[in-house]
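final-v5.cif follows (mmCIF, C-alpha atoms and all ligand atoms):
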```cif
data_final
loop_
_atom_site.label_atom_id
_atom_site.label_comp_id
_atom_site.auth_asym_id
_atom_site.auth_seq_id
_atom_site.Cartn_x
_atom_site.Cartn_y
_atom_site.Cartn_z
CA MET A 1 6.41 71.17 -103.80
CA LYS A 2 8.31 70.78 -107.05
CA HIS A 3 11.30 73.07 -107.28
CA LYS A 4 10.93 75.89 -109.77
CA LEU A 5 13.92 77.28 -111.62
CA LEU A 6 14.44 80.76 -110.22
CA MET A 7 15.05 83.27 -112.97
CA VAL A 8 13.72 86.16 -110.93
CA LEU A 9 15.53 89.05 -109.26
CA GLY A 10 16.01 87.23 -105.99
CA PRO A 11 15.88 84.86 -104.26
CA VAL A 12 18.15 82.96 -106.61
CA GLU A 13 19.52 79.51 -107.38
CA ILE A 14 22.34 78.60 -105.00
CA GLU A 15 25.07 75.95 -105.38
CA LYS A 16 24.86 72.88 -103.15
CA ASP A 17 28.09 73.54 -101.25
CA ILE A 18 26.76 76.94 -100.15
CA LEU A 19 23.34 75.52 -99.26
CA LYS A 20 25.04 72.90 -97.09
CA GLU A 21 26.69 75.58 -94.97
CA ALA A 22 23.28 76.50 -93.59
CA ALA A 23 22.69 72.94 -92.42
CA LYS A 24 25.74 72.95 -90.14
CA PRO A 25 25.13 73.09 -86.38
CA GLN A 26 24.79 76.55 -84.89
CA GLU A 27 27.82 78.20 -83.34
CA TYR A 28 28.18 80.58 -80.43
CA MET A 29 29.37 83.91 -81.78
CA ARG A 30 31.34 85.45 -78.92
CA THR A 31 34.38 83.24 -79.41
CA GLU A 32 37.85 83.66 -80.88
CA ASP A 33 36.98 81.40 -83.83
CA TYR A 34 33.92 83.41 -84.68
CA THR A 35 35.84 86.65 -84.35
CA GLU A 36 38.37 85.31 -86.82
CA LYS A 37 35.55 84.43 -89.21
CA TRP A 38 34.07 87.94 -88.98
CA LEU A 39 37.45 89.61 -89.51
CA ARG A 40 37.93 87.54 -92.67
CA ILE A 41 34.39 88.41 -93.84
CA PHE A 42 34.85 92.14 -93.22
CA GLU A 43 38.11 92.12 -95.18
CA ASN A 44 36.56 90.16 -98.06
CA LEU A 45 33.54 92.45 -98.14
CA LYS A 46 35.88 95.39 -98.72
CA TYR A 47 37.23 93.48 -101.71
CA VAL A 48 33.83 92.84 -103.28
CA PHE A 49 32.70 96.40 -102.57
CA GLN A 50 36.06 97.63 -103.96
CA THR A 51 36.46 99.99 -101.02
CA ARG A 52 38.85 100.86 -98.25
CA ASN A 53 35.89 101.89 -96.08
CA PRO A 54 34.35 99.57 -93.49
CA VAL A 55 31.49 97.40 -94.72
CA VAL A 56 29.04 96.35 -92.01
CA VAL A 57 26.48 93.54 -92.03
CA PHE A 58 22.89 93.80 -90.79
CA ALA A 59 20.50 90.94 -90.15
CA SER A 60 17.98 92.57 -92.49
CA SER A 61 16.97 92.63 -96.10
CA GLY A 62 18.25 95.33 -98.44
CA THR A 63 15.58 97.82 -97.43
CA GLY A 64 16.85 97.67 -93.84
CA ALA A 65 20.27 98.71 -95.11
CA MET A 66 18.63 101.50 -97.16
CA GLU A 67 16.87 102.80 -94.06
CA ALA A 68 20.12 102.54 -92.09
CA ALA A 69 21.81 104.71 -94.72
CA VAL A 70 19.14 107.39 -94.37
CA THR A 71 18.89 107.43 -90.58
CA ASN A 72 22.64 107.48 -90.03
CA ALA A 73 23.50 110.06 -92.67
CA LEU A 74 20.80 112.67 -92.30
CA SER A 75 18.84 114.67 -89.77
CA SER A 76 15.16 115.47 -89.99
CA SER A 77 14.37 118.60 -92.02
CA GLU A 78 17.62 118.37 -93.97
CA ARG A 79 17.40 118.24 -97.76
CA ALA A 80 17.93 115.20 -99.97
CA ILE A 81 17.72 114.59 -103.71
CA CYS A 82 16.39 111.15 -104.64
CA ILE A 83 16.78 109.90 -108.19
CA ASN A 84 13.55 108.09 -108.97
CA GLY A 85 13.55 105.92 -112.09
CA GLY A 86 11.35 103.17 -110.69
CA THR A 87 10.38 101.22 -107.59
CA PHE A 88 13.72 101.38 -105.82
CA GLY A 89 14.60 104.98 -106.53
CA LYS A 90 11.10 105.81 -105.35
CA ARG A 91 11.83 103.85 -102.18
CA TRP A 92 14.72 106.19 -101.31
CA GLY A 93 12.21 109.03 -101.42
CA GLU A 94 9.69 107.11 -99.34
CA ILE A 95 12.22 106.38 -96.61
CA CYS A 96 13.43 109.98 -96.55
CA LYS A 97 9.89 111.34 -96.32
CA LYS A 98 9.06 108.89 -93.52
CA HIS A 99 11.89 110.51 -91.56
CA SER A 100 10.72 114.07 -92.31
CA ILE A 101 13.58 114.83 -94.68
CA GLU A 102 12.94 117.57 -97.27
CA THR A 103 12.93 115.37 -100.34
CA THR A 104 13.33 116.54 -103.93
CA GLU A 105 12.75 113.81 -106.48
CA LEU A 106 14.57 113.72 -109.77
CA THR A 107 12.08 111.76 -111.83
CA VAL A 108 13.54 109.68 -114.63
CA GLU A 109 11.44 108.19 -117.41
CA PHE A 110 10.92 104.49 -116.75
CA GLY A 111 13.55 102.44 -118.57
CA LYS A 112 15.86 105.41 -119.05
CA SER A 113 18.99 106.16 -117.03
CA PRO A 114 19.35 109.41 -115.09
CA LYS A 115 21.36 112.20 -116.68
CA ALA A 116 24.27 113.56 -114.64
CA GLU A 117 23.42 116.98 -116.05
CA ASP A 118 20.05 116.90 -114.28
CA VAL A 119 21.75 116.16 -110.96
CA ARG A 120 24.11 119.08 -111.62
CA ASN A 121 21.15 121.42 -112.20
CA LEU A 122 19.27 120.28 -109.11
CA LEU A 123 22.33 120.67 -106.92
CA ALA A 124 22.83 124.18 -108.28
CA GLN A 125 19.21 124.90 -107.38
CA TYR A 126 19.51 123.31 -103.91
CA PRO A 127 23.13 123.75 -102.80
CA ASP A 128 22.14 122.95 -99.19
CA THR A 129 21.41 119.30 -100.21
CA LYS A 130 22.90 116.93 -97.63
CA ALA A 131 22.65 113.75 -99.69
CA VAL A 132 21.97 112.53 -103.21
CA PHE A 133 20.46 109.05 -103.42
CA ALA A 134 20.86 106.87 -106.52
CA THR A 135 20.38 103.26 -107.61
CA LEU A 136 23.10 101.44 -109.55
CA ASN A 137 20.66 99.03 -111.19
CA GLU A 138 17.02 100.14 -110.96
CA THR A 139 15.74 96.56 -110.76
CA SER A 140 12.17 97.47 -111.72
CA SER A 141 13.31 98.55 -115.21
CA GLY A 142 16.81 97.07 -115.43
CA ALA A 143 18.27 100.51 -116.20
CA LEU A 144 21.89 101.10 -115.21
CA THR A 145 22.90 104.41 -113.63
CA ASP A 146 26.17 106.12 -114.52
CA ILE A 147 27.29 106.47 -110.89
CA LYS A 148 30.76 107.65 -111.92
CA SER A 149 29.50 110.76 -113.76
CA ILE A 150 27.05 111.69 -111.01
CA GLY A 151 29.82 111.20 -108.44
CA GLU A 152 32.06 113.64 -110.36
CA ILE A 153 29.43 116.35 -109.87
CA ILE A 154 28.81 115.61 -106.20
CA LYS A 155 32.55 115.82 -105.52
CA ASN A 156 32.16 119.60 -105.94
CA TYR A 157 29.86 119.69 -102.91
CA PRO A 158 31.86 118.97 -99.74
CA ASP A 159 28.72 119.12 -97.57
CA THR A 160 26.80 116.57 -99.64
CA LEU A 161 26.94 112.79 -99.38
CA PHE A 162 26.50 110.41 -102.29
CA ILE A 163 24.49 107.34 -101.28
CA VAL A 164 24.01 104.44 -103.69
CA ASP A 165 21.77 101.39 -103.63
CA CYS A 166 23.75 98.62 -105.30
CA VAL A 167 21.46 95.82 -104.08
CA SER A 168 21.12 94.38 -107.60
CA GLY A 169 24.16 95.92 -109.28
CA LEU A 170 27.07 94.99 -107.05
CA LEU A 171 29.09 92.06 -108.45
CA THR A 172 27.33 92.29 -111.81
CA ASP A 173 28.32 95.73 -113.10
CA GLU A 174 31.46 97.74 -112.45
CA PHE A 175 31.22 99.71 -109.21
CA LEU A 176 34.17 101.67 -107.81
CA PRO A 177 32.72 103.59 -104.85
CA ASP A 178 35.96 105.12 -103.56
CA GLU A 179 37.05 106.41 -106.98
CA TRP A 180 33.57 107.59 -107.87
CA GLY A 181 32.98 109.48 -104.62
CA VAL A 182 30.31 107.21 -103.16
CA ASP A 183 30.03 107.69 -99.38
CA ILE A 184 27.53 104.99 -98.56
CA ALA A 185 26.73 101.90 -100.63
CA VAL A 186 24.06 99.41 -99.61
CA SER A 187 23.53 95.89 -100.86
CA ALA A 188 21.91 92.60 -99.87
CA SER A 189 22.57 88.88 -99.95
CA GLN A 190 19.85 87.52 -102.24
CA LYS A 191 20.96 88.69 -105.67
CA ALA A 192 24.46 88.63 -107.14
CA PHE A 193 25.93 87.28 -103.89
CA ALA A 194 23.81 84.21 -104.62
CA LEU A 195 22.91 83.65 -100.97
CA PRO A 196 19.54 83.36 -99.26
CA PRO A 197 17.82 86.66 -98.36
CA GLY A 198 18.41 88.09 -94.90
CA LEU A 199 21.69 90.00 -94.90
CA GLY A 200 22.05 93.70 -95.62
CA PHE A 201 25.45 95.30 -96.28
CA MET A 202 26.54 98.90 -95.96
CA SER A 203 29.88 100.54 -96.70
CA VAL A 204 30.47 103.86 -95.05
CA SER A 205 33.10 106.55 -95.69
CA SER A 206 34.72 108.68 -92.99
CA LYS A 207 32.81 111.68 -94.38
CA ALA A 208 29.54 109.78 -93.86
CA LEU A 209 30.62 108.91 -90.31
CA GLU A 210 31.14 112.62 -89.63
CA PHE A 211 27.57 113.23 -90.81
CA ALA A 212 26.37 110.37 -88.60
CA LYS A 213 27.84 112.03 -85.50
CA LYS A 214 25.41 114.90 -86.04
CA SER A 215 22.35 112.89 -87.11
CA ASP A 216 19.20 113.18 -85.00
CA LEU A 217 17.64 110.16 -86.76
CA ARG A 218 20.17 107.57 -85.63
CA ASN A 219 18.22 104.73 -84.06
CA PHE A 220 19.14 101.86 -81.76
CA TYR A 221 19.30 98.80 -84.03
CA PHE A 222 21.00 100.43 -87.01
CA ASP A 223 23.41 102.76 -85.20
CA ILE A 224 26.41 102.72 -87.54
CA PHE A 225 28.95 103.39 -84.77
CA ASP A 226 27.87 100.25 -82.95
CA TYR A 227 28.52 98.20 -86.10
CA VAL A 228 31.76 99.90 -87.14
CA ASN A 229 33.26 99.70 -83.63
CA ASN A 230 32.26 96.08 -83.22
CA ALA A 231 33.60 95.21 -86.69
CA LYS A 232 37.04 96.46 -85.61
CA ARG A 233 37.12 93.69 -82.99
CA GLY A 234 35.52 91.10 -85.31
CA GLN A 235 32.05 91.20 -83.86
CA THR A 236 28.51 92.51 -84.46
CA PRO A 237 26.48 94.37 -81.82
CA PHE A 238 23.59 91.91 -81.88
CA THR A 239 23.10 88.18 -82.53
CA PRO A 240 24.18 87.54 -86.12
CA ALA A 241 22.23 85.32 -88.54
CA VAL A 242 24.69 82.50 -87.86
CA SER A 243 23.79 80.19 -90.76
CA LEU A 244 23.72 83.03 -93.29
CA VAL A 245 27.04 84.27 -92.02
CA ASN A 246 28.59 80.84 -92.68
CA GLN A 247 27.22 80.98 -96.19
CA LEU A 248 28.51 84.50 -96.68
CA ASP A 249 31.97 83.45 -95.52
CA LYS A 250 32.06 80.62 -98.04
CA ARG A 251 30.70 82.80 -100.85
CA LEU A 252 33.29 85.50 -100.28
CA GLU A 253 36.10 82.96 -100.25
CA LYS A 254 34.77 81.54 -103.53
CA ILE A 255 34.60 84.99 -105.15
CA LYS A 256 38.12 85.75 -103.99
CA LYS A 257 39.36 82.49 -105.49
CA GLU A 258 37.60 83.06 -108.80
CA GLY A 259 38.48 86.76 -108.87
CA LEU A 260 35.93 89.58 -108.86
CA GLU A 261 36.41 90.32 -112.56
CA ASN A 262 35.83 86.70 -113.56
CA TYR A 263 32.79 86.44 -111.30
CA ARG A 264 31.28 89.52 -112.97
CA LEU A 265 32.28 88.34 -116.42
CA ARG A 266 30.37 85.10 -115.93
CA TYR A 267 27.23 87.08 -115.12
CA LYS A 268 27.81 89.39 -118.09
CA LYS A 269 28.27 86.51 -120.55
CA ASN A 270 25.09 84.82 -119.33
CA THR A 271 23.20 88.10 -119.61
CA GLU A 272 24.38 88.55 -123.20
CA PHE A 273 23.46 84.98 -124.05
CA LEU A 274 19.95 85.51 -122.65
CA ARG A 275 19.47 88.83 -124.45
CA GLU A 276 20.64 87.45 -127.81
CA GLY A 277 18.02 84.71 -127.45
CA LEU A 278 15.31 87.21 -126.55
CA LYS A 279 16.17 89.43 -129.49
CA LYS A 280 16.10 86.43 -131.85
CA SER A 281 12.55 85.79 -130.65
CA GLY A 282 11.68 89.38 -131.54
CA LEU A 283 11.35 90.52 -127.92
CA LYS A 284 12.25 94.06 -126.96
CA ILE A 285 14.36 94.92 -123.93
CA LEU A 286 13.05 97.96 -122.08
CA ALA A 287 16.17 99.62 -120.72
CA GLU A 288 18.17 101.99 -122.88
CA HIS A 289 21.34 101.17 -120.94
CA PRO A 290 20.54 97.80 -119.37
CA ALA A 291 22.35 96.53 -116.31
CA ASN A 292 23.65 92.97 -116.28
CA CYS A 293 21.47 90.20 -114.84
CA THR A 294 18.17 92.16 -114.91
CA THR A 295 16.32 92.00 -118.21
CA ALA A 296 12.95 93.74 -118.42
CA VAL A 297 11.03 92.70 -121.53
CA MET A 298 8.27 94.79 -123.11
CA THR A 299 5.23 92.95 -124.40
CA ASN A 300 3.10 95.00 -126.73
CA ASP A 301 0.71 92.52 -128.28
CA PHE A 302 0.36 89.96 -125.48
CA ASP A 303 -0.30 89.90 -121.74
CA ALA A 304 2.94 89.77 -119.71
CA SER A 305 1.17 88.51 -116.59
CA ARG A 306 -0.07 85.45 -118.53
CA VAL A 307 3.50 84.72 -119.62
CA VAL A 308 4.64 84.72 -115.98
CA LYS A 309 1.76 82.43 -114.97
CA ILE A 310 2.25 79.91 -117.78
CA MET A 311 6.02 79.83 -117.27
CA ARG A 312 5.40 79.01 -113.61
CA GLU A 313 2.57 76.52 -113.96
CA LYS A 314 3.48 74.71 -117.16
CA TYR A 315 7.27 74.98 -117.33
CA ASN A 316 8.25 75.31 -113.67
CA ILE A 317 10.24 78.46 -114.28
CA GLU A 318 9.79 81.57 -112.17
CA ILE A 319 10.24 84.84 -114.02
CA ALA A 320 9.26 88.12 -112.39
CA PRO A 321 6.04 90.00 -113.01
CA SER A 322 5.86 93.78 -112.93
CA GLY A 323 3.52 95.71 -110.71
CA GLY A 324 0.76 98.28 -111.12
CA GLY A 325 0.06 99.56 -114.61
CA LEU A 326 2.90 97.48 -116.04
CA LYS A 327 1.43 94.14 -114.98
CA THR A 328 0.34 93.18 -118.49
CA LYS A 329 3.10 95.03 -120.34
CA LEU A 330 6.38 93.97 -118.79
CA PHE A 331 8.04 90.90 -117.33
CA ARG A 332 11.56 90.59 -116.00
CA ILE A 333 14.09 87.80 -116.18
CA GLY A 334 16.99 87.52 -113.77
CA ASN A 335 20.13 85.50 -114.29
CA TYR A 336 21.58 85.99 -110.82
CA GLY A 337 22.97 83.07 -108.88
CA ASN A 338 23.70 79.58 -110.10
CA ILE A 339 22.16 79.92 -113.57
CA THR A 340 23.90 78.17 -116.45
CA GLU A 341 23.63 78.50 -120.23
CA LYS A 342 21.58 75.32 -120.13
CA ASP A 343 19.08 76.98 -117.76
CA ILE A 344 18.91 80.03 -120.01
CA LYS A 345 18.26 77.85 -123.08
CA LYS A 346 15.50 76.09 -121.16
CA CYS A 347 13.97 79.42 -120.20
CA LEU A 348 14.15 80.78 -123.76
CA LYS A 349 12.55 77.62 -125.17
CA ALA A 350 9.71 77.73 -122.65
CA LEU A 351 9.23 81.42 -123.32
CA THR A 352 8.91 80.89 -127.07
CA LYS A 353 6.32 78.15 -126.53
CA THR A 354 4.43 80.28 -123.99
CA ILE A 355 4.22 83.25 -126.32
CA GLU A 356 3.11 81.02 -129.23
CA GLU A 357 0.38 79.67 -126.98
CA ILE A 358 -0.85 83.12 -125.97
CA LYS A 359 -0.73 84.87 -129.34
N1 LIG B 401 17.06 98.02 -104.01
C1 LIG B 401 17.07 97.32 -105.16
C2 LIG B 401 17.74 97.91 -106.35
C3 LIG B 401 16.45 96.08 -105.22
O1 LIG B 401 16.45 95.39 -106.35
C4 LIG B 401 15.83 95.56 -104.05
C5 LIG B 401 15.14 94.27 -104.07
O2 LIG B 401 14.65 93.79 -105.06
C6 LIG B 401 15.84 96.34 -102.91
C7 LIG B 401 16.48 97.55 -102.91
C8 LIG B 401 15.15 95.91 -101.68
O3 LIG B 401 15.75 94.86 -101.12
P1 LIG B 401 14.96 93.89 -100.12
O4 LIG B 401 13.81 93.34 -100.86
O5 LIG B 401 16.05 92.92 -99.81
O6 LIG B 401 14.57 94.69 -98.94
#
```
Rewrite the structure of this file - the entire thing - as structure tokens.
Amino acid sequence: MKHKLLMVLGPVEIEKDILKEAAKPQEYMRTEDYTEKWLRIFENLKYVFQTRNPVVVFASSGTGAMEAAVTNALSSSERAICINGGTFGKRWGEICKKHSIETTELTVEFGKSPKAEDVRNLLAQYPDTKAVFATLNETSSGALTDIKSIGEIIKNYPDTLFIVDCVSGLLTDEFLPDEWGVDIAVSASQKAFALPPGLGFMSVSSKALEFAKKSDLRNFYFDIFDYVNNAKRGQTPFTPAVSLVNQLDKRLEKIKKEGLENYRLRYKKNTEFLREGLKKSGLKILAEHPANCTTAVMTNDFDASRVVKIMREKYNIEIAPSGGGLKTKLFRIGNYGNITEKDIKKCLKALTKTIEEIK
């Protein structure tokens, strides 16, 4: 199968040196060397999450980490507020409901960012809320959430946790969980980390760990205490995804060498370059406050799903379709991972030709 340039929202293009890590022979994990590797990884994860809290690693995709956040933080019948501005905000609500949590949704118009004021009002209405769930970058629309302002409000509620999905926003947009009062942040390997899918990450504050002690939803595989206690000794409770862990180790060392700011800046510059090109072609970006690396494009007078198909079949470039009622109205372009200006130019050129062909 001919390789297609991945300009989707994950999985992403990965540099050769990182890919090679996965081809190395497997290692046994209960050794001193492996412990040393994990200790380095856990320290470096704190750096990329910009937190002093422990960050644990699950052999799961991002949704696994989301579910772990819910089941460790809350008990059934407790109340949660879920900010729903698209697929992933909605998912917080779905997970909560699955676990019989009283869920109030704060619905946000698609493409818009939530207003901190609305969170303030809902919390005033439901002061017994145990957790507010938000999404840094709502990948379905590319809208960025002002986590800092929402965090300021939640800080007034000592019995409420702030839980943030930064699966697509970590490493691309500023995120300062400790300063902003975020108790739990979840992410995953297949977007800005530019690694294959399969690792979920979760940072957890001491306040969240206090909540976890009382949770009646804590399950066996995702029990946070098992992960946090094992992390202290440089281990994981269960068999780690050995090849992915090697790749993670290398990625984190590379980010540290480049510097977090520079890593993010590279993504930001590429995003701006892509968006300038789209605007020049007369295309409209959906999000009012767009996050870096996720660009959702509105198509009014042509079928977005045909664009995706032609880009794939004729130009060997994968861009992301949208689901449901948006299938023909919206496509999304990602510039996560090893995407260069040259790749972006190629994508823009193919896009122009595709749209000319359709119109
Ligand atoms: N949250 C956000 C914001 C995402 O973009 C994604 C994946 O696209 C997820 C959660 C779910 O992650 P996964 O598909 O790894 O389970």
Which residues of chain A come within 10 Å of ligand LIG 401 (chain B), and for each one, what is the closest pair of atoms and their distance in Å to one decimal, counting all atoms listed in the file, sorted by chain and residue number, as CSV?
```
residue,atom,partner,partner_atom,distance
A:Val8,CA,B:LIG401,O2,9.7
A:Leu9,CA,B:LIG401,O2,6.4
A:Gly10,CA,B:LIG401,O2,6.8
A:Pro11,CA,B:LIG401,O2,9.0
A:Ser60,CA,B:LIG401,O5,7.6
A:Ser61,CA,B:LIG401,O5,3.8
A:Gly62,CA,B:LIG401,O5,3.5
A:Thr63,CA,B:LIG401,O6,3.6
A:Gly64,CA,B:LIG401,O6,6.3
A:Ala65,CA,B:LIG401,O6,8.0
A:Met66,CA,B:LIG401,C7,7.3
A:Glu67,CA,B:LIG401,O6,9.7
A:Gly86,CA,B:LIG401,C2,9.3
A:Thr87,CA,B:LIG401,C1,8.1
A:Phe88,CA,B:LIG401,N1,5.1
A:Gly89,CA,B:LIG401,C2,7.7
A:Lys90,CA,B:LIG401,N1,9.9
A:Arg91,CA,B:LIG401,C7,7.9
A:Trp92,CA,B:LIG401,N1,8.9
A:Ala134,CA,B:LIG401,C2,9.5
A:Thr135,CA,B:LIG401,C2,6.1
A:Leu136,CA,B:LIG401,C2,7.2
A:Asn137,CA,B:LIG401,C2,5.8
A:Glu138,CA,B:LIG401,C2,5.2
A:Thr139,CA,B:LIG401,O1,4.6
A:Ser140,CA,B:LIG401,O1,7.2
A:Ser141,CA,B:LIG401,O1,9.9
A:Gly142,CA,B:LIG401,C2,9.2
A:Val164,CA,B:LIG401,C2,9.4
A:Asp165,CA,B:LIG401,N1,5.8
A:Cys166,CA,B:LIG401,C2,6.1
A:Val167,CA,B:LIG401,C1,4.8
A:Ser168,CA,B:LIG401,O1,4.9
A:Gly169,CA,B:LIG401,C2,7.3
A:Leu170,CA,B:LIG401,C2,9.8
A:Val186,CA,B:LIG401,N1,8.4
A:Ser187,CA,B:LIG401,N1,7.5
A:Ala188,CA,B:LIG401,O5,5.9
A:Ser189,CA,B:LIG401,O5,7.7
A:Gln190,CA,B:LIG401,O5,7.0
A:Lys191,CA,B:LIG401,O1,8.1
A:Pro197,CA,B:LIG401,O5,6.7
A:Gly198,CA,B:LIG401,O5,7.3
A:Leu199,CA,B:LIG401,O5,8.0
A:Gly200,CA,B:LIG401,O5,7.4
A:Thr294,CA,B:LIG401,O1,9.3
```
task: Please provide the set of residues having any atom within 12 Å of A:Tyr47, restricted to all atoms listed in the file, with same-chain residues fewer than 4 positions apart removed, written as a PyMOL selection string.
output: chain A and resi 40-43+51-55+170-171+175-178+203+252-253+255-257+259-261
message: For A:Arg233, find every residue with an atom within 8 Å (counting all atoms listed in the file), except residues of its own chain fewer than 3 positions away, and show them as a list in words.
response: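 Neighbouring residues, sequence-local ones excluded: Thr35, Leu39, Asn229 and Asn230 of chain A.
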Surrounding residues of A:Arg266 excluding itself and chain neighbours under 3 positions, 12 Å, all atoms listed in the file, as a PDB file with C-alpha atoms, in the coordinates of the input:
```pdb
ATOM      1  CA  LEU A 171      29.090  92.060-108.450  1.00  0.00           C
ATOM      2  CA  THR A 172      27.330  92.290-111.810  1.00  0.00           C
ATOM      3  CA  ASP A 173      28.320  95.730-113.100  1.00  0.00           C
ATOM      4  CA  ALA A 192      24.460  88.630-107.140  1.00  0.00           C
ATOM      5  CA  ILE A 255      34.600  84.990-105.150  1.00  0.00           C
ATOM      6  CA  GLU A 258      37.600  83.060-108.800  1.00  0.00           C
ATOM      7  CA  GLY A 259      38.480  86.760-108.870  1.00  0.00           C
ATOM      8  CA  LEU A 260      35.930  89.580-108.860  1.00  0.00           C
ATOM      9  CA  GLU A 261      36.410  90.320-112.560  1.00  0.00           C
ATOM     10  CA  ASN A 262      35.830  86.700-113.560  1.00  0.00           C
ATOM     11  CA  TYR A 263      32.790  86.440-111.300  1.00  0.00           C
ATOM     12  CA  LYS A 269      28.270  86.510-120.550  1.00  0.00           C
ATOM     13  CA  ASN A 270      25.090  84.820-119.330  1.00  0.00           C
ATOM     14  CA  THR A 271      23.200  88.100-119.610  1.00  0.00           C
ATOM     15  CA  GLU A 272      24.380  88.550-123.200  1.00  0.00           C
ATOM     16  CA  PHE A 273      23.460  84.980-124.050  1.00  0.00           C
ATOM     17  CA  ASN A 292      23.650  92.970-116.280  1.00  0.00           C
ATOM     18  CA  CYS A 293      21.470  90.200-114.840  1.00  0.00           C
ATOM     19  CA  ASN A 335      20.130  85.500-114.290  1.00  0.00           C
ATOM     20  CA  TYR A 336      21.580  85.990-110.820  1.00  0.00           C
ATOM     21  CA  GLY A 337      22.970  83.070-108.880  1.00  0.00           C
ATOM     22  CA  ASN A 338      23.700  79.580-110.100  1.00  0.00           C
ATOM     23  CA  ILE A 339      22.160  79.920-113.570  1.00  0.00           C
ATOM     24  CA  THR A 340      23.900  78.170-116.450  1.00  0.00           C
ATOM     25  CA  GLU A 341      23.630  78.500-120.230  1.00  0.00           C
TER      26      GLU A 341
END
```
- prompt: Restricting the calculation to all atoms listed in the file, which member of A:Leu330, A:Leu209, A:Ile81, A:Val245 is positioned closest to A:Gln125?
  reply: A:Ile81
query: At most 7 Å from (24.8, 112.4, -99.4), file frame, only C-alpha atoms: which residues, as an MDAnalysis selection string?
result: chainID A and resid 130:133 160:163
query: Looking at A:Phe193, A:Tyr267, A:Tyr28, A:Tyr221, which one is nearest to A:Gln247, with distances taken over only C-alpha atoms?
result: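 Of the candidates, the smallest distance to A:Gln247 is held by A:Phe193.
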field: d(atom CA of A:Leu244, atom CA of A:Phe222) in Å
entry: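 It comes out at 18.7 Å.
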field: Nearby residues (only C-alpha atoms) at most 7 Å from A:His289, same-chain spacing under 2 positions excluded, as a ChimeraX atom specification
entry: /A:113,143-144,287,291
- prompt: Which of these residues is nearest to A:Glu78, using all atoms listed in the file: A:Phe220, A:Tyr126, A:Phe302, A:Tyr157?
  reply: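 Using all atoms listed in the file, the shortest distance to A:Glu78 belongs to A:Tyr126.
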task: Find the distance between atom CA of A:Val119 and atom CA of A:Ile224 and write it in Å to one decimal.
output: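 We find that atom CA of A:Val119 and atom CA of A:Ile224 lie 27.4 Å from each other.
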message: With distances taken over all atoms listed in the file, which residue among A:Thr299, A:Leu351, A:Gly282, A:Thr239 lies nearest A:Glu27?
response: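 Of all the options, A:Thr239 lies closest to A:Glu27.
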Top pick for closest residue to A:Met202, considering A:Cys82, A:Val70, A:Leu217, A:Val297 and counting only C-alpha atoms: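 When distances to A:Met202 are compared using only C-alpha atoms, the smallest one comes from A:Val70.
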Produce the centre coordinates and the three edge lengths, each in Å to one decimal, of the box along x, y and z that contains all listed atoms of stretch 235-245 of chain A with 6 Å added on each side, as JSON.
```
{"center_x": 27.1, "center_y": 87.3, "center_z": -87.6, "size_x": 21.8, "size_y": 26.2, "size_z": 23.5}
```
field: Between atom CA of A:Leu326 and atom CA of A:Val307 - distance in Å to one decimal
entry: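 Value for the atom CA of A:Val307-atom CA of A:Leu326 distance: 13.3 Å.
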task: Find the residue from A:Leu123, A:Ile18, A:Val56, A:Ala296 that sits nearest to A:Phe331; use only C-alpha atoms when measuring.
output: A:Ala296
